[in-house]
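Asks: Input structure: final_19.cif, which contains mmCIF, C-alpha atoms.
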```
data_final
loop_
_atom_site.label_atom_id
_atom_site.label_comp_id
_atom_site.auth_asym_id
_atom_site.auth_seq_id
_atom_site.Cartn_x
_atom_site.Cartn_y
_atom_site.Cartn_z
CA MET Y 15 0.00 0.00 0.00
CA LYS Y 16 1.17 3.47 -0.83
CA ARG Y 17 1.67 5.83 2.11
CA VAL Y 18 1.06 9.55 2.01
CA ILE Y 19 0.94 12.31 4.57
CA PHE Y 20 -1.07 15.51 4.23
CA VAL Y 21 -0.34 18.50 6.40
CA VAL Y 22 -3.37 20.77 6.31
CA HIS Y 23 -3.05 24.03 8.20
CA SER Y 24 -3.71 27.68 7.48
CA SER Y 25 -0.40 28.75 8.99
CA GLU Y 26 2.60 28.28 6.75
CA ILE Y 27 4.91 28.20 9.76
CA VAL Y 28 3.04 25.25 11.19
CA ARG Y 29 2.89 23.45 7.85
CA CYS Y 30 6.56 23.85 7.05
CA GLY Y 31 7.67 23.10 10.59
CA LEU Y 32 5.67 19.92 10.80
CA THR Y 33 6.87 18.83 7.38
CA LEU Y 34 10.46 19.41 8.39
CA ILE Y 35 10.04 17.28 11.51
CA LEU Y 36 8.33 14.50 9.57
CA ARG Y 37 11.05 14.49 6.91
CA LYS Y 38 13.61 13.88 9.64
CA TYR Y 39 12.02 10.57 10.52
CA PHE Y 40 10.13 9.32 7.49
CA ASN Y 41 10.74 8.95 3.83
CA ILE Y 42 7.09 9.39 2.90
CA GLU Y 43 5.52 11.71 0.39
CA ILE Y 44 4.21 14.80 2.20
CA THR Y 45 1.75 17.21 0.67
CA GLN Y 46 1.13 20.59 2.30
CA LEU Y 47 -2.27 22.23 1.92
CA SER Y 48 -3.50 25.47 3.39
CA SER Y 49 -7.13 24.43 3.70
CA VAL Y 50 -9.23 21.27 3.75
CA ASN Y 51 -11.00 22.42 0.59
CA GLU Y 52 -7.85 21.70 -1.36
CA LEU Y 53 -8.19 18.05 -0.42
CA SER Y 54 -10.97 17.79 -3.01
CA SER Y 55 -8.31 17.49 -5.69
CA TYR Y 56 -7.03 14.32 -4.08
CA THR Y 57 -10.23 12.34 -3.73
CA HIS Y 58 -9.15 10.01 -6.53
CA THR Y 59 -6.43 8.61 -4.30
CA SER Y 60 -7.03 4.97 -3.62
CA ASN Y 61 -5.44 2.02 -1.91
CA SER Y 62 -3.25 4.17 0.27
CA ILE Y 63 -2.55 4.76 3.90
CA ILE Y 64 -3.33 8.45 4.34
CA ILE Y 65 -2.18 10.29 7.42
CA LEU Y 66 -3.88 13.66 7.75
CA PHE Y 67 -2.49 16.29 10.05
CA VAL Y 68 -5.39 18.73 10.19
CA GLU Y 69 -5.94 22.01 11.98
CA ALA Y 70 -8.57 21.14 14.58
CA GLN Y 71 -11.80 22.75 13.47
CA PRO Y 72 -15.29 21.37 13.04
CA LEU Y 73 -15.38 19.00 10.11
CA VAL Y 74 -16.99 21.14 7.47
CA GLN Y 75 -15.68 18.80 4.84
CA GLU Y 76 -17.06 15.58 6.23
CA LYS Y 77 -18.18 14.29 2.85
CA LEU Y 78 -14.74 14.77 1.49
CA PHE Y 79 -13.18 12.84 4.30
CA LEU Y 80 -15.68 10.07 3.75
CA LYS Y 81 -14.76 9.91 0.07
CA LEU Y 82 -11.11 9.46 1.01
CA LYS Y 83 -12.07 6.89 3.61
CA ASN Y 84 -13.93 4.77 1.06
CA ASN Y 85 -10.83 3.77 -0.83
CA ASN Y 86 -8.07 4.29 1.72
CA ASP Y 87 -6.93 3.78 5.29
CA VAL Y 88 -7.29 7.27 6.71
CA TYR Y 89 -5.91 8.49 10.07
CA PHE Y 90 -6.66 11.92 11.51
CA ILE Y 91 -4.25 13.78 13.69
CA GLY Y 92 -5.80 16.98 14.99
CA ILE Y 93 -3.55 19.97 15.51
CA ASP Y 94 -4.93 22.00 18.42
CA GLY Y 95 -4.49 25.74 18.41
CA ASP Y 96 -6.28 28.20 20.66
CA THR Y 97 -9.81 28.06 19.35
CA GLU Y 98 -12.84 26.81 21.18
CA GLN Y 99 -14.27 25.01 18.19
CA GLU Y 100 -11.63 22.36 18.33
CA GLN Y 101 -13.47 20.40 20.98
CA ASN Y 102 -15.89 19.20 18.32
CA PHE Y 103 -13.13 17.87 16.19
CA VAL Y 104 -13.00 14.11 16.03
CA ALA Y 105 -9.51 12.74 15.56
CA ASP Y 106 -7.57 9.53 15.99
CA TYR Y 107 -4.77 11.45 17.68
CA ARG Y 108 -4.29 15.03 18.85
CA ILE Y 109 -1.23 17.18 19.11
CA ASP Y 110 -0.66 20.83 19.98
CA PHE Y 111 2.05 23.38 19.29
CA LEU Y 112 4.11 22.19 22.26
CA VAL Y 113 4.36 18.64 20.99
CA SER Y 114 7.84 17.19 20.64
CA GLY Y 115 9.25 15.77 17.43
CA LEU Y 116 9.65 12.45 19.19
CA LYS Y 117 5.96 12.31 20.00
CA ILE Y 118 5.07 12.97 16.37
CA GLN Y 119 7.42 10.22 15.32
CA SER Y 120 5.85 7.74 17.70
CA ILE Y 121 2.31 8.55 16.53
CA VAL Y 122 3.17 8.09 12.87
CA SER Y 123 5.14 4.90 13.56
CA GLU Y 124 2.19 3.53 15.49
CA ILE Y 125 -0.16 4.22 12.58
CA LEU Y 126 2.18 2.66 10.08
CA ASN Y 127 2.58 -0.43 12.25
CA THR Y 128 -1.14 -0.99 12.78
CA SER Y 129 -1.95 -0.51 9.15
CA ASN Y 130 0.82 -2.90 8.15
CA HIS Y 131 -0.90 -5.65 10.06
CA GLN Y 132 -4.12 -4.99 8.26
CA THR Y 133 -2.63 -5.21 4.83
CA VAL Y 134 -3.36 -8.66 3.52
CA GLU Y 135 -0.93 -9.68 0.88
CA LEU Y 136 -2.54 -11.57 -1.96
CA ALA Y 137 -1.04 -14.97 -2.47
CA GLU Y 138 1.06 -14.58 -5.59
CA SER Y 139 1.27 -17.85 -7.34
CA SER Y 140 0.63 -18.68 -10.92
CA ASP Y 141 0.23 -22.41 -10.32
CA LEU Y 142 -3.14 -23.19 -11.78
CA THR Y 143 -5.22 -26.11 -10.60
CA THR Y 144 -6.16 -28.76 -13.15
CA ARG Y 145 -9.70 -27.46 -13.22
CA GLU Y 146 -8.54 -23.90 -13.79
CA LYS Y 147 -6.41 -25.12 -16.68
CA ASP Y 148 -9.44 -26.88 -18.19
CA VAL Y 149 -11.42 -23.67 -17.97
CA LEU Y 150 -8.54 -21.62 -19.36
CA LYS Y 151 -8.21 -23.89 -22.39
CA LEU Y 152 -11.86 -23.46 -23.24
CA VAL Y 153 -11.76 -19.69 -22.65
CA ALA Y 154 -8.77 -19.52 -25.00
CA LEU Y 155 -10.68 -21.44 -27.65
CA GLY Y 156 -13.36 -18.79 -27.52
CA HIS Y 157 -16.09 -20.51 -25.51
CA SER Y 158 -18.53 -18.61 -23.30
CA SER Y 159 -18.93 -19.37 -19.61
CA LYS Y 160 -22.24 -21.10 -20.35
CA GLU Y 161 -20.65 -23.38 -22.95
CA ILE Y 162 -17.77 -24.17 -20.62
CA ALA Y 163 -20.20 -25.07 -17.85
CA ASP Y 164 -22.00 -27.49 -20.17
CA GLN Y 165 -18.81 -29.12 -21.43
CA LEU Y 166 -17.28 -29.62 -17.99
CA PHE Y 167 -20.56 -30.52 -16.27
CA ILE Y 168 -20.21 -27.81 -13.67
CA SER Y 169 -22.40 -24.82 -12.83
CA ILE Y 170 -21.92 -21.48 -14.50
CA HIS Y 171 -21.11 -19.93 -11.10
CA THR Y 172 -18.24 -22.37 -10.69
CA VAL Y 173 -16.94 -21.44 -14.12
CA ILE Y 174 -17.11 -17.75 -13.26
CA SER Y 175 -15.27 -18.33 -10.01
CA HIS Y 176 -12.55 -20.33 -11.80
CA ARG Y 177 -12.19 -17.56 -14.36
CA LYS Y 178 -11.86 -14.96 -11.63
CA ASN Y 179 -9.19 -17.00 -9.83
CA LEU Y 180 -7.09 -17.70 -12.86
CA THR Y 181 -7.22 -14.07 -13.94
CA GLU Y 182 -5.98 -13.05 -10.52
CA LYS Y 183 -3.26 -15.67 -10.43
CA LEU Y 184 -1.92 -14.89 -13.88
CA GLY Y 185 -2.33 -11.13 -13.83
CA ILE Y 186 -3.98 -11.33 -17.26
CA LYS Y 187 -7.55 -10.18 -17.72
CA SER Y 188 -8.54 -9.99 -21.35
CA ILE Y 189 -9.70 -13.06 -23.24
CA SER Y 190 -7.15 -12.55 -26.00
CA GLY Y 191 -4.42 -12.11 -23.37
CA LEU Y 192 -5.45 -15.42 -21.78
CA THR Y 193 -5.35 -17.04 -25.19
CA VAL Y 194 -1.78 -15.88 -25.73
CA TYR Y 195 -0.88 -17.24 -22.29
CA ALA Y 196 -2.46 -20.60 -23.11
CA ILE Y 197 -0.50 -20.81 -26.35
CA LEU Y 198 2.80 -19.75 -24.75
CA ASN Y 199 2.31 -22.46 -22.16
CA LYS Y 200 1.22 -25.04 -24.72
CA LEU Y 201 -2.13 -25.58 -23.07
CA ILE Y 202 -3.79 -25.66 -26.45
CA ASP Y 203 -2.69 -27.63 -29.41
CA THR Y 204 -1.58 -25.19 -32.09
CA ASP Y 205 -1.04 -27.83 -34.77
CA SER Y 206 -4.70 -28.21 -35.52
CA ILE Y 207 -5.63 -24.53 -35.41
CA ASN Y 208 -4.00 -21.31 -36.54
CA PRO Y 209 -3.30 -19.55 -33.24
CA GLU Y 210 -3.51 -16.12 -34.80
CA ASP Y 211 -7.17 -16.72 -35.58
CA LEU Y 212 -7.88 -17.01 -31.87
CA ILE Y 213 -6.63 -13.66 -30.69
CA MET C 1 4.12 15.82 -4.01
CA GLN C 2 4.82 19.34 -5.08
CA LEU C 3 2.34 21.35 -7.12
CA PHE C 4 3.75 23.47 -9.90
CA GLN C 5 2.84 27.15 -9.76
CA SER C 6 2.71 30.01 -12.22
CA THR C 7 5.97 31.43 -10.86
CA ASP C 8 7.87 28.18 -11.52
CA LYS C 9 10.44 28.19 -14.28
CA LEU C 10 9.77 25.86 -17.19
CA PHE C 11 13.19 24.24 -17.15
CA ARG C 12 12.78 23.41 -13.45
CA ILE C 13 9.47 21.71 -14.15
CA ILE C 14 11.06 19.56 -16.85
CA ASN C 15 14.02 18.86 -14.58
CA ASN C 16 11.49 17.58 -12.11
CA ASN C 17 9.60 15.41 -14.59
CA TYR C 18 10.80 15.15 -18.17
CA ASN C 19 7.69 13.17 -19.12
CA LEU C 20 5.94 16.54 -19.20
CA LEU C 21 7.78 17.58 -22.38
CA PRO C 22 5.14 16.08 -24.71
CA VAL C 23 2.44 17.73 -22.57
CA PHE C 24 4.20 21.08 -23.03
CA ASN C 25 4.30 20.42 -26.79
CA ARG C 26 0.53 19.90 -26.84
CA PHE C 27 0.26 23.52 -25.77
CA GLY C 28 2.76 24.67 -28.38
CA ILE C 29 5.47 25.18 -25.77
CA HIS C 30 8.87 24.05 -26.93
CA PRO C 31 12.31 23.92 -25.27
CA GLY C 32 14.79 26.72 -25.34
CA PHE C 33 12.96 27.90 -22.24
CA LYS C 34 15.72 30.16 -20.93
CA ASP C 35 14.51 31.42 -17.57
CA LYS C 36 10.87 31.83 -18.51
CA THR C 37 8.19 31.06 -15.97
CA VAL C 38 4.83 29.43 -16.61
CA GLU C 39 3.15 32.80 -16.31
CA GLN C 40 5.45 34.46 -18.85
CA VAL C 41 5.20 31.75 -21.48
CA CYS C 42 1.43 31.48 -21.16
CA LYS C 43 1.04 35.21 -21.62
CA GLU C 44 3.38 35.14 -24.61
CA LYS C 45 1.60 32.28 -26.32
CA ASN C 46 -1.89 33.25 -25.26
CA ILE C 47 -2.44 30.06 -23.30
CA ASN C 48 -4.92 29.78 -20.44
CA LYS C 49 -2.47 29.65 -17.54
CA ASP C 50 -4.78 27.96 -15.04
CA PHE C 51 -5.71 25.28 -17.55
CA PHE C 52 -2.06 24.61 -18.35
CA LEU C 53 -1.16 24.35 -14.67
CA ALA C 54 -4.11 22.12 -13.85
CA LEU C 55 -3.12 19.75 -16.65
CA ILE C 56 0.57 19.50 -15.89
CA ASN C 57 -0.13 19.01 -12.19
CA THR C 58 -2.69 16.33 -12.94
CA TYR C 59 -0.26 14.61 -15.27
CA ASN C 60 2.60 14.88 -12.81
CA ASN C 61 0.74 13.41 -9.88
CA PRO C 62 -1.63 10.46 -10.42
CA ASP C 63 -3.33 11.22 -7.09
CA TYR C 64 -4.01 14.85 -7.93
CA PHE C 65 -7.21 15.53 -9.82
CA PRO C 66 -8.91 18.92 -9.30
CA GLU C 67 -12.19 17.78 -10.79
CA GLU C 68 -14.24 20.92 -10.13
CA GLU C 69 -11.56 23.20 -11.48
CA LEU C 70 -11.06 21.13 -14.62
CA LYS C 71 -14.79 21.06 -15.30
CA SER C 72 -14.89 24.84 -15.12
CA PHE C 73 -12.74 25.25 -18.25
CA SER C 74 -14.38 25.58 -21.65
CA PRO C 75 -15.13 22.23 -23.31
CA LEU C 76 -13.33 23.65 -26.34
CA LEU C 77 -10.07 23.78 -24.38
CA ILE C 78 -10.56 20.23 -23.17
CA VAL C 79 -11.41 18.91 -26.63
CA ASP C 80 -8.47 20.72 -28.19
CA TYR C 81 -6.10 19.17 -25.66
CA LEU C 82 -7.59 15.70 -26.13
CA LYS C 83 -7.30 16.00 -29.92
CA LYS C 84 -3.65 16.92 -29.66
CA THR C 85 -3.10 13.95 -27.40
CA HIS C 86 -4.78 11.67 -29.95
CA ALA C 87 -2.55 13.04 -32.70
CA TYR C 88 0.46 12.36 -30.49
CA TYR C 89 -0.61 8.73 -30.10
CA LEU C 90 -1.48 8.15 -33.74
CA LEU C 91 1.36 10.01 -35.42
CA TYR C 92 4.14 9.41 -32.95
CA PHE C 93 3.66 6.96 -30.12
CA LEU C 94 1.96 3.98 -31.77
CA PRO C 95 4.35 4.04 -34.76
CA LYS C 96 7.24 4.26 -32.29
CA ILE C 97 6.04 1.24 -30.32
CA GLU C 98 5.59 -0.63 -33.58
CA ARG C 99 9.08 0.25 -34.68
CA LEU C 100 10.53 -0.97 -31.39
CA LEU C 101 8.51 -4.16 -31.63
CA SER C 102 9.72 -4.97 -35.12
CA LYS C 103 13.29 -4.27 -34.03
CA LEU C 104 12.74 -6.69 -31.17
CA VAL C 105 11.29 -9.30 -33.50
CA SER C 106 14.26 -9.06 -35.84
CA SER C 107 16.64 -9.41 -32.90
CA ASN C 108 15.19 -12.83 -32.12
CA ILE C 109 17.77 -15.56 -32.18
CA GLU C 110 15.27 -17.95 -33.67
CA THR C 111 11.99 -17.20 -35.37
CA ASN C 112 9.53 -18.53 -32.91
CA SER C 113 5.82 -18.87 -33.14
CA GLU C 114 5.37 -17.70 -29.56
CA PHE C 115 6.64 -14.30 -30.38
CA LYS C 116 4.29 -14.09 -33.31
CA MET C 117 1.45 -14.33 -30.80
CA ILE C 118 2.70 -11.24 -29.01
CA VAL C 119 2.91 -9.40 -32.30
CA SER C 120 -0.66 -10.33 -33.26
CA PHE C 121 -1.85 -9.40 -29.79
CA PHE C 122 -0.30 -5.97 -30.19
CA GLU C 123 -1.67 -5.60 -33.74
CA ASN C 124 -5.18 -6.27 -32.47
CA TYR C 125 -4.74 -3.94 -29.55
CA LYS C 126 -3.59 -1.20 -31.89
CA LYS C 127 -6.55 -1.72 -34.22
CA GLU C 128 -9.02 -1.44 -31.35
CA LEU C 129 -7.35 1.66 -29.98
CA ILE C 130 -7.39 3.39 -33.37
CA ILE C 131 -11.08 2.57 -33.88
CA HIS C 132 -11.84 4.01 -30.45
CA ILE C 133 -9.86 7.19 -31.12
CA LYS C 134 -11.43 7.67 -34.55
CA ASP C 135 -14.86 7.19 -33.05
CA GLU C 136 -14.26 10.00 -30.57
CA GLU C 137 -12.82 12.23 -33.27
CA ASP C 138 -15.78 11.62 -35.61
CA ASN C 139 -18.72 11.17 -33.27
CA VAL C 140 -17.97 13.06 -30.09
CA PHE C 141 -15.63 16.01 -30.49
CA PRO C 142 -17.36 17.62 -33.52
CA HIS C 143 -20.71 17.65 -31.68
CA VAL C 144 -19.18 19.35 -28.67
CA ILE C 145 -17.43 21.95 -30.83
CA ASN C 146 -20.53 22.64 -32.95
CA PHE C 147 -22.65 23.04 -29.89
CA VAL C 148 -20.37 25.43 -28.06
CA GLN C 149 -19.33 27.48 -31.09
CA ASP C 150 -22.41 27.58 -33.29
CA HIS C 151 -25.17 26.49 -30.91
CA GLN C 152 -26.04 23.53 -33.09
CA LYS C 153 -28.11 21.50 -30.74
CA SER C 154 -29.21 18.62 -32.89
CA ASN C 155 -26.24 16.31 -32.61
CA ILE C 156 -25.06 16.68 -29.07
CA LYS C 157 -27.99 14.52 -27.99
CA ASN C 158 -26.39 11.55 -29.68
CA ALA C 159 -22.98 12.02 -28.11
CA PRO C 160 -22.11 9.15 -25.78
CA THR C 161 -21.87 9.89 -22.08
CA SER C 162 -19.50 7.14 -21.11
CA PHE C 163 -16.24 5.84 -22.51
CA GLU C 164 -15.33 3.87 -19.44
CA LYS C 165 -15.97 0.49 -20.99
CA GLU C 166 -13.73 1.15 -23.99
CA HIS C 167 -11.09 2.74 -21.80
CA SER C 168 -10.91 -0.10 -19.34
CA ASN C 169 -10.61 -2.51 -22.28
CA VAL C 170 -7.72 -0.51 -23.72
CA GLU C 171 -5.98 -0.28 -20.35
CA MET C 172 -6.60 -3.95 -19.57
CA LYS C 173 -5.03 -5.17 -22.81
CA LEU C 174 -2.02 -2.93 -22.44
CA SER C 175 -1.45 -4.28 -18.94
CA ASP C 176 -1.91 -7.86 -20.24
CA LEU C 177 0.67 -7.23 -22.91
CA LYS C 178 3.19 -6.05 -20.32
CA ASN C 179 2.52 -9.02 -18.07
CA LEU C 180 2.82 -11.52 -20.92
CA LEU C 181 6.16 -10.04 -21.90
CA ILE C 182 7.60 -9.74 -18.43
CA LYS C 183 6.21 -12.82 -16.75
CA TYR C 184 5.68 -15.44 -19.39
CA LEU C 185 7.75 -14.98 -22.51
CA ASP C 186 11.00 -16.91 -22.96
CA PRO C 187 13.93 -14.52 -23.36
CA VAL C 188 15.04 -15.31 -26.87
CA TYR C 189 15.64 -11.70 -27.85
CA ASP C 190 18.12 -8.90 -27.51
CA ASN C 191 17.84 -7.54 -23.98
CA ASN C 192 18.28 -3.91 -24.86
CA ASP C 193 15.66 -4.06 -27.57
CA PHE C 194 13.31 -5.75 -25.13
CA ASN C 195 13.90 -3.14 -22.42
CA GLU C 196 13.33 -0.31 -24.84
CA PHE C 197 10.08 -1.84 -26.04
CA VAL C 198 8.79 -2.48 -22.54
CA SER C 199 9.68 0.97 -21.24
CA SER C 200 7.84 2.55 -24.13
CA LEU C 201 4.77 0.52 -23.14
CA TYR C 202 4.99 1.79 -19.55
CA GLN C 203 5.32 5.35 -20.75
CA PHE C 204 2.41 4.95 -23.12
CA GLU C 205 0.30 3.45 -20.36
CA LYS C 206 0.94 6.40 -18.09
CA ASP C 207 -0.07 8.86 -20.78
CA ILE C 208 -3.16 6.98 -21.76
CA ILE C 209 -4.40 6.61 -18.17
CA ASP C 210 -4.12 10.36 -17.66
CA HIS C 211 -5.90 10.95 -20.97
CA ALA C 212 -8.74 8.56 -20.11
CA ARG C 213 -9.12 10.18 -16.71
CA ILE C 214 -9.79 13.55 -18.34
CA GLU C 215 -12.27 12.06 -20.80
CA ASP C 216 -14.11 9.95 -18.23
CA HIS C 217 -14.43 12.56 -15.52
CA ILE C 218 -14.27 15.93 -17.25
CA LEU C 219 -15.43 15.66 -20.85
CA VAL C 220 -18.24 13.27 -20.00
CA SER C 221 -19.72 15.53 -17.34
CA GLN C 222 -19.38 18.53 -19.63
CA ILE C 223 -21.30 16.68 -22.35
CA LYS C 224 -24.00 15.86 -19.79
CA GLU C 225 -24.25 19.55 -18.91
CA LEU C 226 -24.48 20.53 -22.59
CA LYS C 227 -27.25 17.99 -23.13
CA LYS C 228 -29.26 19.64 -20.38
CA LEU C 229 -29.16 22.89 -22.35
CA THR C 230 -30.90 21.41 -25.37
#
```
Hey, can you dump this file as structure tokens for me?
Replies:
Amino acid sequence: MKRVIFVVHSSEIVRCGLTLILRKYFNIEITQLSSVNELSSYTHTSNSIIILFVEAQPLVQEKLFLKLKNNNDVYFIGIDGDTEQEQNFVADYRIDFLVSGLKIQSIVSEILNTSNHQTVELAESSDLTTREKDVLKLVALGHSSKEIADQLFISIHTVISHRKNLTEKLGIKSISGLTVYAILNKLIDTDSINPEDLI
Amino acid sequence: MQLFQSTDKLFRIINNNYNLLPVFNRFGIHPGFKDKTVEQVCKEKNINKDFFLALINTYNNPDYFPEEELKSFSPLLIVDYLKKTHAYYLLYFLPKIERLLSKLVSSNIETNSEFKMIVSFFENYKKELIIHIKDEEDNVFPHVINFVQDHQKSNIKNAPTSFEKEHSNVEMKLSDLKNLLIKYLDPVYDNNDFNEFVSSLYQFEKDIIDHARIEDHILVSQIKELKKLT
């Protein structure tokens, strides 16, 4: 998972200072923004661990945060200033201007450690089962899932699930790509058919 | 990730990411920058500065996409940029990839049928991509231009409001091609020719993903807005 840090604060001194401290400890991409509104340009981020240092103020941009949360692991660290509104701010962690660099380091490390545990690595193996190979052969020869189900005497749902698994294992999604794979691995007999007709 | 600003010098931007050179070219900006800033060159060449900045920043950072800002630019600007990108693909990039592929094929120690499969796969991919590009050029862009410039309302109604299916197909096959080459093909070729071919595919993929992002999220919603006006 990609890791990014956003430092969102209206004061440039705070932004730059915090960034400097973070750079001392972490080699992570840091983006400085002067207001939460600017986060709207980053809502296409996905599959990342996002650490947001945000000036503690009521969450006017809740929707935006939710959008980020949909596709990412998001952690909020509220930066307390002197305002009264900050009590309504909901954050995973809070810091204030007197915080030490060490404390910041330990918060970020903690986040990175927890989120590491949650990341489930997909088993990377391109060993196909015999059944998956059977399905692959028929896909490569241009048969539909329904036809494959009939030929192999299995249900169409099973065929679809085999197709999904083999696509994930091989890292190849298109039918013509799977056909090329089948030919490269001699799963189909190219003596009887012209392989170029299949792609 | 840093965002480029109007006070940034052009040569610094290219120093930062040389992949932006073709994007500069699409705006008619060419090297020999001297110490000119974005602001200066845009004024000189009568380019919409904010549009230029939004596009280079979007291109530079895959996570950065100022959707609202991009939508606020004239559809004519967007279409013009997309057309120039298409021309870049058709006249330069696809022929280049083809050239590298045929160089790779001729470097093969033995003529093997496996490699022929890769070539046919690429040929088919290229055909599909060209059909898709031509379709946009013939059936989408002219309607948008006619509507905005001459208020011709009749044809915009027929303009499609989604390209996502075609785009994901194009992206999927490009990624399949890379995986087949890197994971499954026996290395019976010249390494340098292979590396050159594969890196051109990666570069092409990056460009095309950025391009599709602008079409899917910006052009499509602008077309929807135009349709409402009819």
Asks: Return the neighbours of chain C among the residues of chain Y, cut-off 12 Å, counting all atoms listed in the file, as a PyMOL selection string.
Replies: chain Y and resi 16-21+42-47+51-62+64+82+139-140+181-200+204-205+208-213
Asks: Output C-alpha atoms of each residue in that selection to a file, as a short mmCIF file (atom, residue, chain, number, x, y, z; two decimals), in the coordinates of the input.
Replies:
```cif
data_model
loop_
_atom_site.label_atom_id
_atom_site.label_comp_id
_atom_site.auth_asym_id
_atom_site.auth_seq_id
_atom_site.Cartn_x
_atom_site.Cartn_y
_atom_site.Cartn_z
CA LYS Y 16 1.17 3.47 -0.83
CA ARG Y 17 1.67 5.83 2.11
CA VAL Y 18 1.06 9.55 2.01
CA ILE Y 19 0.94 12.31 4.57
CA PHE Y 20 -1.07 15.51 4.23
CA VAL Y 21 -0.34 18.50 6.40
CA ILE Y 42 7.09 9.39 2.90
CA GLU Y 43 5.52 11.71 0.39
CA ILE Y 44 4.21 14.80 2.20
CA THR Y 45 1.75 17.21 0.67
CA GLN Y 46 1.13 20.59 2.30
CA LEU Y 47 -2.27 22.23 1.92
CA ASN Y 51 -11.00 22.42 0.59
CA GLU Y 52 -7.85 21.70 -1.36
CA LEU Y 53 -8.19 18.05 -0.42
CA SER Y 54 -10.97 17.79 -3.01
CA SER Y 55 -8.31 17.49 -5.69
CA TYR Y 56 -7.03 14.32 -4.08
CA THR Y 57 -10.23 12.34 -3.73
CA HIS Y 58 -9.15 10.01 -6.53
CA THR Y 59 -6.43 8.61 -4.30
CA SER Y 60 -7.03 4.97 -3.62
CA ASN Y 61 -5.44 2.02 -1.91
CA SER Y 62 -3.25 4.17 0.27
CA ILE Y 64 -3.33 8.45 4.34
CA LEU Y 82 -11.11 9.46 1.01
CA SER Y 139 1.27 -17.85 -7.34
CA SER Y 140 0.63 -18.68 -10.92
CA THR Y 181 -7.22 -14.07 -13.94
CA GLU Y 182 -5.98 -13.05 -10.52
CA LYS Y 183 -3.26 -15.67 -10.43
CA LEU Y 184 -1.92 -14.89 -13.88
CA GLY Y 185 -2.33 -11.13 -13.83
CA ILE Y 186 -3.98 -11.33 -17.26
CA LYS Y 187 -7.55 -10.18 -17.72
CA SER Y 188 -8.54 -9.99 -21.35
CA ILE Y 189 -9.70 -13.06 -23.24
CA SER Y 190 -7.15 -12.55 -26.00
CA GLY Y 191 -4.42 -12.11 -23.37
CA LEU Y 192 -5.45 -15.42 -21.78
CA THR Y 193 -5.35 -17.04 -25.19
CA VAL Y 194 -1.78 -15.88 -25.73
CA TYR Y 195 -0.88 -17.24 -22.29
CA ALA Y 196 -2.46 -20.60 -23.11
CA ILE Y 197 -0.50 -20.81 -26.35
CA LEU Y 198 2.80 -19.75 -24.75
CA ASN Y 199 2.31 -22.46 -22.16
CA LYS Y 200 1.22 -25.04 -24.72
CA THR Y 204 -1.58 -25.19 -32.09
CA ASP Y 205 -1.04 -27.83 -34.77
CA ASN Y 208 -4.00 -21.31 -36.54
CA PRO Y 209 -3.30 -19.55 -33.24
CA GLU Y 210 -3.51 -16.12 -34.80
CA ASP Y 211 -7.17 -16.72 -35.58
CA LEU Y 212 -7.88 -17.01 -31.87
CA ILE Y 213 -6.63 -13.66 -30.69
#
```
Asks: Please compute the CA of Phe163 (chain C)-CA of Leu82 (chain C) distance, one decimal, in Å.
Replies: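 CA of Leu82 (chain C) lies at a distance of 13.6 Å from CA of Phe163 (chain C).
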Asks: Kindly resolve the PyMOL selection byres ((chain C and resi 8) around 12) on the present coordinates and return the residues as a PyMOL selection string.
Replies: chain C and resi 2-7+9-16+33+35-41+53
Asks: Taking all atoms listed in the file into account, which of C:Phe197, C:Leu229, C:Tyr189, C:Ser221 comes nearest Asn112 (chain C)?
Replies: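 Among the listed residues, the smallest separation from Asn112 (chain C) belongs to C:Tyr189.
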Asks: At what distance in Å, to one decimal, does CA of Ala87 (chain C) lie from CA of Ala212 (chain C)?
Replies: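 Between these atoms lies a distance of 14.7 Å.
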Asks: Evaluate the PyMOL selection byres ((chain C and resi 156-158) around 7) here and jot the selected residues down as an mmCIF file with C-alpha atoms, keeping the file's coordinate frame.
Replies:
```cif
data_model
loop_
_atom_site.group_PDB
_atom_site.id
_atom_site.type_symbol
_atom_site.label_atom_id
_atom_site.label_comp_id
_atom_site.auth_asym_id
_atom_site.auth_seq_id
_atom_site.Cartn_x
_atom_site.Cartn_y
_atom_site.Cartn_z
ATOM 1 C CA HIS C 143 -20.710 17.650 -31.680
ATOM 2 C CA VAL C 144 -19.180 19.350 -28.670
ATOM 3 C CA PHE C 147 -22.650 23.040 -29.890
ATOM 4 C CA LYS C 153 -28.110 21.500 -30.740
ATOM 5 C CA SER C 154 -29.210 18.620 -32.890
ATOM 6 C CA ASN C 155 -26.240 16.310 -32.610
ATOM 7 C CA ALA C 159 -22.980 12.020 -28.110
ATOM 8 C CA PRO C 160 -22.110 9.150 -25.780
ATOM 9 C CA LYS C 227 -27.250 17.990 -23.130
#
```
